[in-house]
Every structure is written in structure tokens, then in C-alpha cells.
Amino acid sequence: MKISIKLGLWFFFCILVIEIFSMFFLHNNLVHSQVHQELNSLQARGNSHRAVLEINSDAATLHHIGLMESHTDTEVVITNTTGDVLLSSSKINRSMRAILNKSINNLPRNGRVLQSDWQKEQYIVTVTAFNKNGEKAGYVYMFKNTDEVQKLISQLNRHFLLASLLILFFMIITIFLLSKALTKPLISMKEATKKISKGNFSVTLSSPSHDELGELSQSIQTLANDLNYLKQERNEFLASISHELRTPLTYIKGYADIAKRKELEETDRAKYLDIIQEEADRVSRLLKELFDLAKLDQNTFSISKEQVDLHDYLQSILEKILPAFKDRNIQLKLECPKNLSFDLDPIRFEQVLLNLLDNSLKYSKENTTALIKVFEENEAVHMMMNDQGLGIPQEDLPHIFDRLYRVDKSRSRSTGGFGLGLAIVKQLVEAHGGEISVKSEFGKGTCFKIILKK
Ligand code: ADP
């Protein structure tokens, strides 16, 4: 069943129950007050006859009273204390007689209602006693035919029915419009998620409202945008990888074709085979880095931390890479306080440092200095990797941690980078709960800063 119909039916059912209850209550109250009013006016009329009778109760007065009531929709019967009828404005019928035969005790001064059942009885009746010379002299019975009351009530019922039908009609229209308006954003969200699940992420959801539905729609929109971005990023990534692979494979194929030639000089063949080997190494390096990244992405690697003395740890790493720096006449210095220990994964973190140092080496000119400075501040260890190399242009800085991003595409082939090193570094630093940032001035040098919270 559609949500709009479901919602509409629920609304309808709830409001219908409320309407029935309130109409019933209102109707009962109105009927009750109408009957009450009729009885009051009947009793008031009886009382005014009593007032007249207490002044004068001779035959002429009785005749007058009878005459007055003969032109109204009420009847009057006046009896003496023994029940003999002194006056009756109409012929006394059976149901009137039954009332007159009732014994009356403890009647208050203003009289009493004798019969109020307007639904079953023929009359509603009140009675008032009148006195003469301080003694009780008789009773004034006032009768009103219930046909009149019933007519009045049925008129009221007709009004009620009409009002109920009108309310029902407007209620159905309102519920229809309301449930449509309420379910419209839900339906468009459903359509959007259906599209997303089919792989089409270009959805546009308008979310003008600031309620829960608006927030949900906003979340779906953000999800779609993110998925779209990821899809594009994946496509670009795949395109870049295939490009990365195509170049060395073209070399390998081309040089293998030449190396196969029989008439080729052995020295040339060796040269071509060297190139083939170099390019094959490059491909396997790329695949290794990609594999590393994939593992980091899936979080399938584990960080096994242990306490290391940072000075000794860094010194041992530096020693490994020092010859390469010396080769290019670049000084490599370490400033790290002794006895500063920290919990990290020594193998993974070595990869971080080697990648950064390798970059300093690749992108530094000869006769410059690279410096690793470590210090403790605010419950965190700060590591700064400074070099006096080429620097990174300002516009490239936000992207250098992206995969396969290289500042200078042509240069990188000669230096051999794939643009994956910093992406791996970032993942590993974050896996250690740390953060990495970069500052650089083009032409002057670069500084990477790692902050590891204790
Ligand atoms: P690559 O394998 O190309 O070095 P990285 O991810 O390690 O890839 O670095 C991305 C890019 O950032 C590099 O291509 C380079 O242009 C720039 N870069 C990284 N480190 C430095 C540095 N120390 N000095 C200058 N440029 C750097």
C-alpha cells in the first residue's frame, strides 16, 4: 500500500474517531440544555399562574388562566389538594391522568419537574403548589407535548448531520492534500535512493524544509555527491594507473623487440636489456605501492605499537639512507632529545620516514641541508622534516597527499616517483592517530610536520 494512502487512512481514522466523540458530546449537551430550557420555562409559567392564583383563585381567574393557555403549545391543569380538577385547558387524556394520580410530597416553593423524559413520554410536566390564606390550596400542573421538543431536537439533528458531512468532506480534502504534501519528499527520496542503488549518482533533491525530512534529504544528497565524487575519483585513478603502466610496458615491448634482433651488437643488447629490467622494476614498484595503499584503505593491516627511543630509532633509519644523501652531497642532520620514548609501529613508521627522506633527497639540489627536528610539546611529539630543495608551488600544496599527484609530471619520470609516496605516508600517520601537514616555499624548501599525540 502506498505511504500516502496509509498515512491518509490513519489520519482519517483518528480524526473520524475524534469527530464522532466530540459531535456526540456536543449533541448530548445541546439536547440536554434544550430540554432543560423547555422545562425551566414550563416551570416558570406554572409559577406565574401560582402567583395569580394566590392573589385570586375564583372561577373567573381560573377561566382566564385556561383561556391564556389555550393559545399556547402548553396545557395547564389546576387541581385542589384532594386531586379534583378545578381547571384544564384541554381534555384530560390517559397520560395526563397518570401524572395527576401521582402523589406529590415535599414540593419546594418553586415547584418541581414531574416528568422530563421527552423521548418516551407524551408530555414533559412540571408542578407547582399554590396557597390560600397560608394553607396549601392546590396544584398547578404544566404540560408540554413532547412532539414539539422532538421536532426541535430532530431539527438540531439535521443541523448536526449537515455539519458532520461538511466537516467530513473538508477533512477528506485536507487529509488528501496533507498526505500528498507530506509524502512528496519521501517519494522523491525513494526515487533518489533507487537511482543511487542502480549506480546513477547524479541525483538532485530539493530540501527547503529544516525538519527531519529536510535533513534526511540533505543526507541523501550528500551521500549521492560523495558517491559521485568517489566514482569520478576511481575512474581518474584507474585512468592514471593504466597510463602509468602503459609507458613502461611500451618501453619493455619496444626494447624487447629490438633486443631480439640477431644482428644486434652484444653491448647494445645488454643496454636494452638493462632498460627492460629498469622498466620492469618500475612496474613492480608501482604495483607494490598500489598494493600497500589498497591494504591501508581496507584497514586490513595492523599497527603493532611498541615503545621506541626516538633518538636511537631515528638515528638507525638515518644511517640506512645517509649514503644516498652523501652521494648527492646533501647534509642530513638530526636534532632529537635523548631519552624521548614513544609508542609506534617501528616498521610502518620507518616507511613514513623513508618516504619523506626519499622525497627530500629527490627534490633537493646538491650542497644543501636536510634536517629532522624532534621535540615534545603539549603532550605530543612533533617531528619536522626540513629540506632546502625545490619547494612546492602554493597551488599544488593542497593536492600533494592525493594519490598519483605529482607537481611536475615530466620531472617525475626522471626521478622515478609515482605520486603515491605521500598518500601512503598520510594513511600511515593517521593510522598512528597522528596528523601530517606541509609548508613549502617554491624554490626555497619544504617542511613536513608530523604531530603524534601521546
Ligand atoms: P613521488 O613518488 O612523485 O615523489 P609523492 O607522493 O611522494 O610522490 O609526492 C608527491 C609530489 O609532491 C611529488 O611529485 C613532488 O612534486 C612533491 N614533493 C613531495 N615531497 C617534496 C619535497 N620534499 N620537496 C619538493 N617537492 C616535494
# chains A, B, ... in the order shown; residues from 1 in each chain; ligands from 1
>>> select_by_dssp(residues="range 98-201 of chain A", states="helix (DSSP H, G or I)", output="ChimeraX atom specification")
/A:98-100,146-197
>>> residues_around(residues="range 312-322 of chain A", least_positions_apart="5", cutoff="12 Å", atoms="only C-alpha atoms", output="PyMOL selection string")
chain A and resi 306-307+327-347+349-361+370-374+383+385
>>> atom_distance(atom1="CA of Phe176 in chain A", atom2="CA of Asn157 in chain A")
28.1 Å
>>> closest_atom_pairs(of="chain A", to="ligand 1", cutoff="6 Å", atoms="only C-alpha atoms and all ligand atoms", output="tab-separated table")
residue	atom	partner	partner_atom_place_in_ligand_line	distance
A:Asn359	CA	ligand 1	20 (N)	4.6
A:Ser360	CA	ligand 1	23 (N)	4.0
A:Tyr363	CA	ligand 1	24 (N)	4.8
A:Gly389	CA	ligand 1	24 (N)	5.6
A:Leu390	CA	ligand 1	25 (C)	5.1
A:Gly391	CA	ligand 1	25 (C)	4.3
A:Ile392	CA	ligand 1	26 (N)	5.0
A:Ile400	CA	ligand 1	12 (O)	4.9
A:Tyr405	CA	ligand 1	10 (C)	5.6
A:Arg406	CA	ligand 1	14 (O)	3.4
A:Val407	CA	ligand 1	16 (O)	3.9
A:Asp408	CA	ligand 1	16 (O)	5.7
A:Ser412	CA	ligand 1	3 (O)	5.7
A:Gly417	CA	ligand 1	2 (O)	3.1
A:Phe418	CA	ligand 1	2 (O)	4.1
A:Gly419	CA	ligand 1	8 (O)	3.0
A:Leu420	CA	ligand 1	6 (O)	4.3
A:Gly421	CA	ligand 1	7 (O)	3.7
A:Leu422	CA	ligand 1	6 (O)	3.6
A:Ala423	CA	ligand 1	6 (O)	5.7
A:Thr446	CA	ligand 1	24 (N)	5.4
>>> write_last_selection(atoms="C-alpha atoms", output="mmCIF file, in the first residue's frame")
data_model
loop_
_atom_site.group_PDB
_atom_site.id
_atom_site.type_symbol
_atom_site.label_atom_id
_atom_site.label_comp_id
_atom_site.auth_asym_id
_atom_site.auth_seq_id
_atom_site.Cartn_x
_atom_site.Cartn_y
_atom_site.Cartn_z
ATOM 1 C CA ASN A 359 61.459 12.952 -1.311
ATOM 2 C CA SER A 360 63.887 15.371 0.348
ATOM 3 C CA TYR A 363 63.759 17.128 -4.763
ATOM 4 C CA GLY A 389 65.037 21.655 -2.026
ATOM 5 C CA LEU A 390 62.870 22.748 -4.926
ATOM 6 C CA GLY A 391 59.853 23.518 -2.778
ATOM 7 C CA ILE A 392 56.255 23.008 -3.814
ATOM 8 C CA ILE A 400 50.221 16.580 -2.768
ATOM 9 C CA TYR A 405 49.508 13.506 -7.751
ATOM 10 C CA ARG A 406 52.824 14.905 -8.859
ATOM 11 C CA VAL A 407 53.796 18.520 -9.068
ATOM 12 C CA ASP A 408 55.796 18.163 -12.232
ATOM 13 C CA SER A 412 58.856 12.789 -12.011
ATOM 14 C CA GLY A 417 58.133 8.811 -8.422
ATOM 15 C CA PHE A 418 54.525 7.746 -8.923
ATOM 16 C CA GLY A 419 52.888 10.276 -6.649
ATOM 17 C CA LEU A 420 51.833 7.554 -4.208
ATOM 18 C CA GLY A 421 54.503 8.065 -1.540
ATOM 19 C CA LEU A 422 52.796 10.913 0.338
ATOM 20 C CA ALA A 423 49.367 9.243 0.129
ATOM 21 C CA THR A 446 59.796 22.231 2.179
#
>>> closest_residue(among="A:Arg45, A:Ser284, A:Gln394, A:Phe325", to="Thr368 in chain A", atoms="only C-alpha atoms")
A:Phe325
>>> residues_around(residues="Ser116 in chain A", least_positions_apart="5", cutoff="12 Å", atoms="only C-alpha atoms", output="ChimeraX atom specification")
/A:32,34-40,42-43,99,121-127,143-146,149
>>> write_last_selection(atoms="C-alpha atoms", output="short mmCIF file (atom, residue, chain, number, x, y, z; two decimals), in the first residue's frame")
data_model
loop_
_atom_site.label_atom_id
_atom_site.label_comp_id
_atom_site.auth_asym_id
_atom_site.auth_seq_id
_atom_site.Cartn_x
_atom_site.Cartn_y
_atom_site.Cartn_z
CA HIS A 32 -29.86 18.33 27.36
CA GLN A 34 -32.60 22.49 25.17
CA VAL A 35 -34.83 20.17 27.24
CA HIS A 36 -33.63 21.85 30.42
CA GLN A 37 -34.61 25.22 28.98
CA GLU A 38 -38.06 23.92 27.99
CA LEU A 39 -38.63 22.53 31.48
CA ASN A 40 -37.46 25.77 33.08
CA LEU A 42 -42.66 25.43 31.73
CA GLN A 43 -41.98 25.63 35.45
CA ILE A 99 -49.45 12.19 36.04
CA GLU A 121 -43.46 10.09 27.23
CA GLN A 122 -46.13 12.17 25.55
CA TYR A 123 -45.58 15.17 27.85
CA ILE A 124 -42.92 16.85 29.86
CA VAL A 125 -44.53 18.04 33.07
CA THR A 126 -43.88 20.42 35.98
CA VAL A 127 -45.94 21.02 39.08
CA PHE A 143 -47.85 20.03 30.37
CA LYS A 144 -45.92 20.41 27.18
CA ASN A 145 -46.36 17.93 24.36
CA THR A 146 -43.04 16.22 23.60
CA VAL A 149 -39.46 19.04 21.72
#
>>> residues_around(residues="range 78-89 of chain A", least_positions_apart="6", cutoff="9 Å", atoms="only C-alpha atoms", output="mmCIF file with N, CA, C and O atoms, in the first residue's frame")
data_model
loop_
_atom_site.group_PDB
_atom_site.id
_atom_site.type_symbol
_atom_site.label_atom_id
_atom_site.label_comp_id
_atom_site.auth_asym_id
_atom_site.auth_seq_id
_atom_site.Cartn_x
_atom_site.Cartn_y
_atom_site.Cartn_z
ATOM 1 N N ALA A 59 -63.541 31.512 40.120
ATOM 2 C CA ALA A 59 -63.838 30.862 38.837
ATOM 3 C C ALA A 59 -63.408 31.709 37.652
ATOM 4 O O ALA A 59 -62.882 31.191 36.649
ATOM 5 N N LEU A 62 -59.654 31.423 37.180
ATOM 6 C CA LEU A 62 -59.344 30.120 36.593
ATOM 7 C C LEU A 62 -59.675 30.111 35.107
ATOM 8 O O LEU A 62 -58.904 29.615 34.289
ATOM 9 N N HIS A 63 -60.809 30.698 34.772
ATOM 10 C CA HIS A 63 -61.224 30.750 33.375
ATOM 11 C C HIS A 63 -60.186 31.503 32.535
ATOM 12 O O HIS A 63 -59.835 31.095 31.432
ATOM 13 N N ILE A 65 -56.998 31.912 33.186
ATOM 14 C CA ILE A 65 -55.759 31.106 33.035
ATOM 15 C C ILE A 65 -55.955 30.080 31.924
ATOM 16 O O ILE A 65 -55.113 29.889 31.057
ATOM 17 N N GLY A 66 -57.109 29.417 31.952
ATOM 18 C CA GLY A 66 -57.424 28.424 30.923
ATOM 19 C C GLY A 66 -57.400 29.033 29.541
ATOM 20 O O GLY A 66 -56.858 28.460 28.591
ATOM 21 N N LEU A 67 -57.976 30.267 29.462
ATOM 22 C CA LEU A 67 -58.028 30.963 28.180
ATOM 23 C C LEU A 67 -56.619 31.268 27.663
ATOM 24 O O LEU A 67 -56.302 31.087 26.480
ATOM 25 N N MET A 68 -55.736 31.736 28.595
ATOM 26 C CA MET A 68 -54.365 32.085 28.214
ATOM 27 C C MET A 68 -53.624 30.873 27.637
ATOM 28 O O MET A 68 -52.937 30.957 26.642
ATOM 29 N N GLU A 69 -53.822 29.701 28.297
ATOM 30 C CA GLU A 69 -53.074 28.517 27.869
ATOM 31 C C GLU A 69 -53.633 27.895 26.598
ATOM 32 O O GLU A 69 -52.949 27.133 25.935
ATOM 33 N N SER A 70 -54.913 28.221 26.283
ATOM 34 C CA SER A 70 -55.499 27.592 25.100
ATOM 35 C C SER A 70 -54.839 28.087 23.809
ATOM 36 O O SER A 70 -54.947 27.452 22.774
ATOM 37 N N LEU A 100 -51.512 13.092 37.000
ATOM 38 C CA LEU A 100 -52.303 13.728 38.050
ATOM 39 C C LEU A 100 -52.502 12.792 39.247
ATOM 40 O O LEU A 100 -52.638 13.242 40.368
ATOM 41 N N ASN A 101 -52.452 11.472 38.936
ATOM 42 C CA ASN A 101 -52.663 10.499 40.022
ATOM 43 C C ASN A 101 -51.433 10.300 40.892
ATOM 44 O O ASN A 101 -51.490 9.641 41.922
ATOM 45 N N ALA A 129 -47.199 24.144 43.688
ATOM 46 C CA ALA A 129 -48.334 24.222 44.622
ATOM 47 C C ALA A 129 -48.707 25.685 44.833
ATOM 48 O O ALA A 129 -47.848 26.554 44.782
ATOM 49 N N LYS A 136 -52.122 25.219 52.016
ATOM 50 C CA LYS A 136 -51.979 24.687 50.654
ATOM 51 C C LYS A 136 -53.357 24.502 50.043
ATOM 52 O O LYS A 136 -54.240 23.878 50.664
ATOM 53 N N ALA A 137 -53.613 25.071 48.858
ATOM 54 C CA ALA A 137 -54.960 25.033 48.280
ATOM 55 C C ALA A 137 -55.038 24.155 47.035
ATOM 56 O O ALA A 137 -56.119 23.715 46.656
ATOM 57 N N GLY A 138 -53.934 23.899 46.410
ATOM 58 C CA GLY A 138 -53.990 23.065 45.207
ATOM 59 C C GLY A 138 -52.693 23.075 44.429
ATOM 60 O O GLY A 138 -51.680 23.580 44.900
ATOM 61 N N TYR A 139 -52.735 22.491 43.210
ATOM 62 C CA TYR A 139 -51.533 22.348 42.375
ATOM 63 C C TYR A 139 -51.771 22.871 40.966
ATOM 64 O O TYR A 139 -52.867 22.718 40.433
ATOM 65 N N VAL A 140 -50.713 23.469 40.427
ATOM 66 C CA VAL A 140 -50.767 23.869 39.006
ATOM 67 C C VAL A 140 -49.862 22.911 38.247
ATOM 68 O O VAL A 140 -48.652 22.854 38.488
ATOM 69 N N TYR A 141 -50.454 22.109 37.366
ATOM 70 C CA TYR A 141 -49.666 21.181 36.518
ATOM 71 C C TYR A 141 -49.492 21.832 35.167
ATOM 72 O O TYR A 141 -50.459 22.295 34.581
ATOM 73 N N MET A 142 -48.237 21.890 34.690
ATOM 74 C CA MET A 142 -47.990 22.423 33.344
ATOM 75 C C MET A 142 -47.531 21.260 32.453
ATOM 76 O O MET A 142 -46.606 20.530 32.788
#
>>> atom_distance(atom1="CA of Asp257 in chain A", atom2="CA of Glu278 in chain A")
16.1 Å
>>> select_by_dssp(residues="range 128-308 of chain A", states="strand (DSSP E or B)", output="JSON, numbers by chain")
{"A": [128, 129, 130, 131, 132, 135, 136, 137, 138, 139, 140, 141, 142, 143, 144, 145, 306, 307, 308]}
>>> closest_residue(among="A:Asp226, A:Leu452, A:Leu114, A:Val31", to="Leu156 in chain A", atoms="only C-alpha atoms")
A:Val31
>>> atom_distance(atom1="CA of Lys180 in chain A", atom2="CA of Ile5 in chain A")
8.8 Å
>>> closest_residue(among="A:His311, A:Lys2, A:Arg234, A:Arg109", to="Thr183 in chain A", atoms="only C-alpha atoms")
A:Lys2
>>> residues_around(residues="Ser217 in chain A", least_positions_apart="6", cutoff="8 Å", atoms="only C-alpha atoms", output="ChimeraX atom specification")
/A:185,189,205-207
>>> closest_residue(among="A:Met96, A:Ala270, A:Leu249, A:Leu30", to="Gln155 in chain A", atoms="only C-alpha atoms")
A:Leu30
>>> closest_residue(among="A:Thr267, A:Leu168, A:Leu404, A:Glu430", to="Leu238 in chain A", atoms="only C-alpha atoms")
A:Leu404
